[in-house]
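Q: Handing you a structure now.
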Amino acid sequence: MTDIPAYEPPKVWTWNKESGGRFASINRPIAGPTHEKELPVGRHPLQLYSLATPNGVKVTVMLEELLAAGHKGAEYDAWLIKIDGNQFGSGFVDVNPNSKIPALMDRSGPEPVRVFESGSILVYLAEKFGAFLPTDIKTRAETFSWLFWQMGAAPYLGGGFGHFYAYAPSKIEYAIDRFAMEVKRQLDVLDRRLADNEYLAGNVYTIADIAVWPWYGALAKGLLYGAGEFLSVHEYKNVQRWTDAIAARPAVKRGRMVNRTWGDPASQLHERHDASDFETRTQDKIGELVAS
């Protein structure tokens with residue numbers, strides 16, 4: 001630590017070079033589109049523009065759970081938006097001015113409704129279909145508390161720990177230690193809650209579980225940042241039990257495949273336009289990349 005030159009921040013920060021790291025080429029301090037590009041529109045009421053990152057998986061799992069529960073109005077087209085500059089196309093920015101996946105357009109009514117931010121999309125869909133959001137005030141409050149816990153906690157996991165542990169151009173002990181400590185505290189928060197509760201809101205599966213699982217379930221299985229051993233995730237026995245239970249749900253298995261572009265080709269469904277696509281359009285069957 002003593003060998004690292006001290007950094008003295010300037011009085012006024014200016015963007016005069018890339019910051020380095022995996023996503024440096026697409027990071028910038030301004031918003032708005034960088035190029036003109038219309039979004040495709042499919043035949044279903046719900047149009048999802050996404051990628052199978054944890055935030056994207058939240059929404060595809062939710063949609064597949066709704067369909068499994070018999071909500072036919074939840075049929076959707078899932079279009080692939082790669083995080084390589086495509087998120088700055090004019091059409092996507094119109095749906096999400098924050099240029100982050102996922103983004104949803106609901107075309108079921110007289111006027112299209114845009115919904116962005118993954119937590120907002122989960123609430124929108126839960127209220128639209130009356131599912132996975134309890135109506136009794138106590139359980140509903142618990143659901144919202146854990147949903148917003150995830151929205152506030154995940155930046156420490158992804159933008160904090162994940163960035164400095166896996167993506168930063170150099171390893172900084174202070175930063176990794178700081179965020180590893182916080183992530184382990186978060187895992188302990190979950191583990192304590194799940195010690196006496198089947199799911200986060202109690203004994204019922206809700207949008208809180210759908211929101212938290214893609215992040216902390218993947219972390220608990222060592223699938224995020226290759227950090228399972230580093231964080232000793234096996235120690236969180238209740239999180240492991242909860243993670244396995246959710247992963248076994250058929251709708252979850254389908255949802256995590258949608259807009260996925262890495263891993264086993266049989267687990268990748270780059271775009272989803274029909275339920276039959278899971279049987280006929282995975283990458284092991286079509287063997288080609290979907291243009292974004």
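Letters for chains follow the order of the structure tokens (A, B, ...), residue numbers begin at 1 for each chain, and ligand numbers begin at 1 in the order shown.
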List every residue of region 31-215 of chain A that DSSP, applied to the backbone of this structure, places in strand (DSSP E or B), and write the result as a PyMOL selection string.
A: chain A and resi 35+46-50+76-80+89+103-106+113-116+199+202
Q: Would you write out those residues with N, CA and C atoms, as a PDB file, in the first residue's frame?
A:
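The result, stored in out09.pdb:
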```
ATOM      1  N   HIS A  35     -25.786   7.337 -31.349  1.00  0.00           N
ATOM      2  CA  HIS A  35     -26.063   7.023 -32.741  1.00  0.00           C
ATOM      3  C   HIS A  35     -27.552   6.737 -32.904  1.00  0.00           C
ATOM      4  N   LEU A  46     -45.705  -7.313 -24.738  1.00  0.00           N
ATOM      5  CA  LEU A  46     -44.545  -6.867 -23.963  1.00  0.00           C
ATOM      6  C   LEU A  46     -43.270  -7.033 -24.778  1.00  0.00           C
ATOM      7  N   GLN A  47     -42.529  -5.943 -24.899  1.00  0.00           N
ATOM      8  CA  GLN A  47     -41.266  -5.937 -25.635  1.00  0.00           C
ATOM      9  C   GLN A  47     -40.135  -5.637 -24.653  1.00  0.00           C
ATOM     10  N   LEU A  48     -39.258  -6.616 -24.479  1.00  0.00           N
ATOM     11  CA  LEU A  48     -38.148  -6.488 -23.540  1.00  0.00           C
ATOM     12  C   LEU A  48     -36.845  -6.320 -24.309  1.00  0.00           C
ATOM     13  N   TYR A  49     -36.045  -5.380 -23.883  1.00  0.00           N
ATOM     14  CA  TYR A  49     -34.737  -5.113 -24.488  1.00  0.00           C
ATOM     15  C   TYR A  49     -33.705  -5.292 -23.381  1.00  0.00           C
ATOM     16  N   SER A  50     -32.864  -6.342 -23.509  1.00  0.00           N
ATOM     17  CA  SER A  50     -32.110  -6.726 -22.327  1.00  0.00           C
ATOM     18  C   SER A  50     -30.902  -7.582 -22.657  1.00  0.00           C
ATOM     19  N   TYR A  76     -44.092 -12.360 -24.356  1.00  0.00           N
ATOM     20  CA  TYR A  76     -43.157 -11.274 -24.613  1.00  0.00           C
ATOM     21  C   TYR A  76     -42.156 -11.628 -25.698  1.00  0.00           C
ATOM     22  N   ASP A  77     -41.612 -10.589 -26.301  1.00  0.00           N
ATOM     23  CA  ASP A  77     -40.445 -10.690 -27.166  1.00  0.00           C
ATOM     24  C   ASP A  77     -39.263 -10.152 -26.390  1.00  0.00           C
ATOM     25  N   ALA A  78     -38.173 -10.890 -26.345  1.00  0.00           N
ATOM     26  CA  ALA A  78     -36.953 -10.445 -25.672  1.00  0.00           C
ATOM     27  C   ALA A  78     -35.874 -10.212 -26.716  1.00  0.00           C
ATOM     28  N   TRP A  79     -35.487  -8.969 -26.871  1.00  0.00           N
ATOM     29  CA  TRP A  79     -34.472  -8.576 -27.840  1.00  0.00           C
ATOM     30  C   TRP A  79     -33.140  -8.357 -27.135  1.00  0.00           C
ATOM     31  N   LEU A  80     -32.074  -8.786 -27.784  1.00  0.00           N
ATOM     32  CA  LEU A  80     -30.747  -8.695 -27.201  1.00  0.00           C
ATOM     33  C   LEU A  80     -30.150  -7.300 -27.369  1.00  0.00           C
ATOM     34  N   GLY A  89     -27.911   3.518 -28.431  1.00  0.00           N
ATOM     35  CA  GLY A  89     -28.697   3.779 -29.628  1.00  0.00           C
ATOM     36  C   GLY A  89     -29.919   4.619 -29.298  1.00  0.00           C
ATOM     37  N   ALA A 103     -34.944  -2.837 -20.225  1.00  0.00           N
ATOM     38  CA  ALA A 103     -35.974  -1.830 -20.475  1.00  0.00           C
ATOM     39  C   ALA A 103     -37.166  -2.536 -21.108  1.00  0.00           C
ATOM     40  N   LEU A 104     -38.357  -2.091 -20.767  1.00  0.00           N
ATOM     41  CA  LEU A 104     -39.585  -2.752 -21.202  1.00  0.00           C
ATOM     42  C   LEU A 104     -40.531  -1.756 -21.843  1.00  0.00           C
ATOM     43  N   MET A 105     -41.147  -2.159 -22.941  1.00  0.00           N
ATOM     44  CA  MET A 105     -42.243  -1.408 -23.534  1.00  0.00           C
ATOM     45  C   MET A 105     -43.499  -2.270 -23.478  1.00  0.00           C
ATOM     46  N   ASP A 106     -44.539  -1.750 -22.836  1.00  0.00           N
ATOM     47  CA  ASP A 106     -45.824  -2.438 -22.769  1.00  0.00           C
ATOM     48  C   ASP A 106     -46.735  -1.833 -23.826  1.00  0.00           C
ATOM     49  N   VAL A 113     -46.400   2.065 -22.991  1.00  0.00           N
ATOM     50  CA  VAL A 113     -45.886   2.485 -21.689  1.00  0.00           C
ATOM     51  C   VAL A 113     -44.457   1.982 -21.565  1.00  0.00           C
ATOM     52  N   ARG A 114     -43.525   2.887 -21.299  1.00  0.00           N
ATOM     53  CA  ARG A 114     -42.146   2.460 -21.087  1.00  0.00           C
ATOM     54  C   ARG A 114     -41.900   2.267 -19.595  1.00  0.00           C
ATOM     55  N   VAL A 115     -41.096   1.270 -19.268  1.00  0.00           N
ATOM     56  CA  VAL A 115     -40.728   1.015 -17.878  1.00  0.00           C
ATOM     57  C   VAL A 115     -39.241   0.678 -17.858  1.00  0.00           C
ATOM     58  N   PHE A 116     -38.479   1.405 -17.067  1.00  0.00           N
ATOM     59  CA  PHE A 116     -37.061   1.089 -16.932  1.00  0.00           C
ATOM     60  C   PHE A 116     -36.679   1.008 -15.460  1.00  0.00           C
ATOM     61  N   TYR A 199     -38.714 -18.029   2.265  1.00  0.00           N
ATOM     62  CA  TYR A 199     -38.388 -17.007   1.278  1.00  0.00           C
ATOM     63  C   TYR A 199     -38.178 -15.675   1.993  1.00  0.00           C
ATOM     64  N   GLY A 202     -41.189 -14.262   3.764  1.00  0.00           N
ATOM     65  CA  GLY A 202     -41.843 -15.204   4.672  1.00  0.00           C
ATOM     66  C   GLY A 202     -41.974 -16.562   4.026  1.00  0.00           C
TER      67      GLY A 202
END
```
Q: Residues of region 113-268 of chain A in helix (DSSP H, G or I) according to DSSP, as an MDAnalysis selection string?
A: chainID A and resid 118:129 137:167 173:195 207:220 233:235 237:247 250:255 265:267
Q: Which residue out of A:Lys100, A:Ala52, A:Tyr216, A:Trp15 has the minimum interatomic distance to Ser267 (chain A) when only C-alpha atoms are used?
A: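 Under the stated criterion, the closest residue is A:Ala52.
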Q: For CA of Lys17 (chain A) and CA of Ile30 (chain A), quote the distance in Å rounded to one decimal.
A: 14.2 Å
Q: Work out how far CA of Trp213 (chain A) is from CA of Gln240 (chain A), in Å to one decimal.
A: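 Computing it gives 10.7 Å between the two atoms.
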Q: Excluding Phe92 (chain A) and its own-chain neighbours fewer than 6 positions away, which residues fall within 9 Å of it when counting only C-alpha atoms? Please give them as a PDB file with N, CA and C atoms, in the first residue's frame.
A:
```
ATOM      1  N   PRO A  33     -28.061   9.540 -26.535  1.00  0.00           N
ATOM      2  CA  PRO A  33     -27.643   8.595 -27.576  1.00  0.00           C
ATOM      3  C   PRO A  33     -26.340   9.012 -28.251  1.00  0.00           C
ATOM      4  N   LYS A  37     -30.523   4.474 -33.971  1.00  0.00           N
ATOM      5  CA  LYS A  37     -30.843   3.070 -34.179  1.00  0.00           C
ATOM      6  C   LYS A  37     -32.203   2.771 -33.578  1.00  0.00           C
ATOM      7  N   GLU A  38     -33.164   2.414 -34.430  1.00  0.00           N
ATOM      8  CA  GLU A  38     -34.497   2.077 -33.957  1.00  0.00           C
ATOM      9  C   GLU A  38     -34.490   0.696 -33.318  1.00  0.00           C
ATOM     10  N   LEU A  39     -35.380   0.501 -32.368  1.00  0.00           N
ATOM     11  CA  LEU A  39     -35.531  -0.796 -31.733  1.00  0.00           C
ATOM     12  C   LEU A  39     -36.508  -1.662 -32.515  1.00  0.00           C
ATOM     13  N   TYR A  49     -36.045  -5.380 -23.883  1.00  0.00           N
ATOM     14  CA  TYR A  49     -34.737  -5.113 -24.488  1.00  0.00           C
ATOM     15  C   TYR A  49     -33.705  -5.292 -23.381  1.00  0.00           C
ATOM     16  N   ILE A  81     -29.743  -6.718 -26.251  1.00  0.00           N
ATOM     17  CA  ILE A  81     -29.009  -5.448 -26.253  1.00  0.00           C
ATOM     18  C   ILE A  81     -27.649  -5.708 -25.603  1.00  0.00           C
ATOM     19  N   ASN A  86     -24.396  -0.568 -27.851  1.00  0.00           N
ATOM     20  CA  ASN A  86     -25.773  -0.631 -28.341  1.00  0.00           C
ATOM     21  C   ASN A  86     -26.763   0.017 -27.390  1.00  0.00           C
ATOM     22  N   SER A  99     -29.787   4.461 -20.196  1.00  0.00           N
ATOM     23  CA  SER A  99     -28.966   3.592 -21.049  1.00  0.00           C
ATOM     24  C   SER A  99     -28.476   2.337 -20.343  1.00  0.00           C
ATOM     25  N   LYS A 100     -29.325   1.740 -19.511  1.00  0.00           N
ATOM     26  CA  LYS A 100     -28.995   0.496 -18.834  1.00  0.00           C
ATOM     27  C   LYS A 100     -30.056  -0.543 -19.153  1.00  0.00           C
ATOM     28  N   ALA A 103     -34.944  -2.837 -20.225  1.00  0.00           N
ATOM     29  CA  ALA A 103     -35.974  -1.830 -20.475  1.00  0.00           C
ATOM     30  C   ALA A 103     -37.166  -2.536 -21.108  1.00  0.00           C
TER      31      ALA A 103
END
```
Q: In Å to one decimal, how far is CA of Arg43 (chain A) from CA of Pro110 (chain A)?
A: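 CA of Pro110 (chain A) sits 15.4 Å away from CA of Arg43 (chain A).
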Q: Compile the contact shell of Thr14 (chain A) as a PyMOL selection string: residues with an atom at most 12 Å away, counting only C-alpha atoms, same-chain residues fewer than 3 positions apart removed.
A: chain A and resi 9-11+17-19+28-30
Q: Do you know which residues are at most 10 Å from Asn98 (chain A) counting only C-alpha atoms, after dropping those on the same chain fewer than 6 positions away, and could you put them as a PyMOL selection string?
A: chain A and resi 31-32+87-88+92+116-117
Q: In terms of the shortest atom-to-atom distance over only C-alpha atoms, which of A:Asp84, A:Glu75, A:Glu142, A:Glu271 is closest to Tyr205 (chain A)?
A: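 Answer, going by the shortest atom-to-atom distance: A:Glu142.
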Q: Sorted by chain and rising residue number, which residues of region 94-176 of chain A lie within 9 Å of region 62-73 of chain A, and what are their closest atom pairs and distances in Å to one decimal, counting only C-alpha atoms, as CSV?
A:
```
residue,atom,partner,partner_atom,distance
A:Ser108,CA,A:Gly73,CA,8.4
A:Leu122,CA,A:Met62,CA,7.0
A:Leu125,CA,A:Met62,CA,8.0
A:Ala126,CA,A:Met62,CA,8.5
A:Phe129,CA,A:His71,CA,7.1
A:Ala131,CA,A:Leu66,CA,7.4
A:Phe132,CA,A:Leu66,CA,8.6
```
Q: Those selected residues, please, written with C-alpha atoms and delivered as a tab-separated table (two decimals), in the first residue's frame.
A:
```
chain	number	residue	atom	x	y	z
A	108	SER	CA	-51.00	-3.82	-24.62
A	122	LEU	CA	-40.89	-6.13	-11.42
A	125	LEU	CA	-45.56	-6.50	-13.88
A	126	ALA	CA	-46.60	-7.71	-10.43
A	129	PHE	CA	-51.00	-9.21	-13.37
A	131	ALA	CA	-48.97	-11.89	-9.01
A	132	PHE	CA	-45.88	-12.38	-6.82
```
Q: Mind checking which residues fall within 12 Å of region 156-161 of chain A, counting only C-alpha atoms, ignoring those fewer than 3 positions away in the same chain, and posting them as a VMD selection string?
A: chain A and resid 23 53 to 55 149 to 153 164 to 168 171 to 187 212 214 to 216 218 to 219 224 to 227 230 to 231
Q: Calculated over only C-alpha atoms, which of the candidates A:Ala208, A:Val189, A:Val61, A:Ala154 has the smallest distance to Val258 (chain A)?
A: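 Closest to Val258 (chain A), using only C-alpha atoms: A:Val61.
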Q: Measuring atom to atom with only C-alpha atoms, identify which of A:Glu229, A:Glu36, A:Asp209, A:Asp188 is nearest to Asp94 (chain A).
A: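 For Asp94 (chain A), the nearest of the given residues is A:Glu36.
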Q: Write out as an MDAnalysis selection string each polymer residue whose atoms come within 8 Å of Val239 (chain A), counting only C-alpha atoms; drop sequence neighbours fewer than 2 positions from it.
A: chainID A and resid 187 190:191 194 217 220 236:237 241:243
Q: Restrict the selected residues to all heavy atoms and save them as a short mmCIF file (atom, residue, chain, number, x, y, z; two decimals), in the first residue's frame.
A:
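Wrote out.cif, looks like this:
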```cif
data_model
loop_
_atom_site.label_atom_id
_atom_site.label_comp_id
_atom_site.auth_asym_id
_atom_site.auth_seq_id
_atom_site.Cartn_x
_atom_site.Cartn_y
_atom_site.Cartn_z
N LEU A 187 -24.33 -10.94 2.70
CA LEU A 187 -24.64 -12.37 2.70
C LEU A 187 -25.10 -12.83 4.08
O LEU A 187 -25.99 -13.68 4.21
CB LEU A 187 -23.42 -13.17 2.25
CG LEU A 187 -23.11 -13.13 0.76
CD1 LEU A 187 -21.72 -13.70 0.48
CD2 LEU A 187 -24.16 -13.90 -0.04
N LEU A 190 -28.72 -11.80 4.59
CA LEU A 190 -29.62 -12.76 3.94
C LEU A 190 -29.68 -14.07 4.70
O LEU A 190 -30.76 -14.66 4.88
CB LEU A 190 -29.14 -13.01 2.51
CG LEU A 190 -29.36 -11.90 1.49
CD1 LEU A 190 -28.72 -12.30 0.16
CD2 LEU A 190 -30.84 -11.62 1.29
N ASP A 191 -28.53 -14.57 5.12
CA ASP A 191 -28.48 -15.86 5.80
C ASP A 191 -29.29 -15.85 7.08
O ASP A 191 -30.00 -16.81 7.39
CB ASP A 191 -27.02 -16.22 6.09
CG ASP A 191 -26.82 -17.72 6.21
OD1 ASP A 191 -27.07 -18.43 5.22
OD2 ASP A 191 -26.41 -18.18 7.30
N LEU A 194 -33.03 -15.86 6.18
CA LEU A 194 -33.49 -17.14 5.62
C LEU A 194 -33.37 -18.29 6.60
O LEU A 194 -33.82 -19.40 6.32
CB LEU A 194 -32.72 -17.43 4.33
CG LEU A 194 -33.03 -16.47 3.18
CD1 LEU A 194 -32.01 -16.62 2.06
CD2 LEU A 194 -34.45 -16.68 2.65
N GLY A 217 -27.89 -15.32 -5.42
CA GLY A 217 -27.90 -16.75 -5.71
C GLY A 217 -26.71 -17.14 -6.57
O GLY A 217 -26.03 -18.14 -6.32
N ALA A 220 -23.65 -17.00 -4.46
CA ALA A 220 -23.56 -18.13 -3.54
C ALA A 220 -23.07 -19.39 -4.22
O ALA A 220 -22.54 -20.29 -3.54
CB ALA A 220 -24.93 -18.38 -2.89
N TYR A 236 -22.60 -19.81 4.05
CA TYR A 236 -23.95 -19.24 4.21
C TYR A 236 -24.98 -20.30 3.84
O TYR A 236 -25.54 -20.32 2.75
CB TYR A 236 -24.07 -17.97 3.37
CG TYR A 236 -22.99 -16.96 3.72
CD1 TYR A 236 -21.82 -16.86 2.96
CD2 TYR A 236 -23.12 -16.14 4.83
CE1 TYR A 236 -20.82 -15.96 3.30
CE2 TYR A 236 -22.12 -15.24 5.18
CZ TYR A 236 -20.96 -15.16 4.41
OH TYR A 236 -19.97 -14.28 4.75
N LYS A 237 -25.21 -21.22 4.77
CA LYS A 237 -26.00 -22.42 4.51
C LYS A 237 -27.45 -22.10 4.14
O LYS A 237 -28.06 -22.77 3.29
CB LYS A 237 -25.97 -23.35 5.72
CG LYS A 237 -24.58 -23.78 6.16
CD LYS A 237 -23.86 -24.57 5.07
CE LYS A 237 -22.52 -25.09 5.56
NZ LYS A 237 -21.76 -25.79 4.49
N ARG A 241 -29.45 -22.99 0.63
CA ARG A 241 -30.73 -23.71 0.55
C ARG A 241 -31.74 -22.95 -0.29
O ARG A 241 -32.39 -23.50 -1.18
CB ARG A 241 -31.26 -23.93 1.98
CG ARG A 241 -32.53 -24.77 2.09
CD ARG A 241 -33.79 -23.94 2.05
NE ARG A 241 -33.79 -22.85 3.03
CZ ARG A 241 -34.59 -21.80 2.96
NH1 ARG A 241 -35.44 -21.65 1.92
NH2 ARG A 241 -34.55 -20.85 3.87
N TRP A 242 -31.86 -21.66 -0.02
CA TRP A 242 -32.80 -20.80 -0.75
C TRP A 242 -32.42 -20.71 -2.23
O TRP A 242 -33.27 -20.80 -3.11
CB TRP A 242 -32.77 -19.43 -0.08
CG TRP A 242 -33.41 -18.30 -0.80
CD1 TRP A 242 -34.74 -17.96 -0.80
CD2 TRP A 242 -32.73 -17.29 -1.58
NE1 TRP A 242 -34.92 -16.80 -1.55
CE2 TRP A 242 -33.71 -16.39 -2.03
CE3 TRP A 242 -31.41 -17.09 -1.93
CZ2 TRP A 242 -33.40 -15.29 -2.83
CZ3 TRP A 242 -31.09 -16.00 -2.72
CH2 TRP A 242 -32.08 -15.11 -3.17
N THR A 243 -31.13 -20.55 -2.50
CA THR A 243 -30.65 -20.46 -3.87
C THR A 243 -31.00 -21.71 -4.66
O THR A 243 -31.50 -21.64 -5.79
CB THR A 243 -29.12 -20.27 -3.87
OG1 THR A 243 -28.81 -19.01 -3.30
CG2 THR A 243 -28.55 -20.34 -5.27
#
```
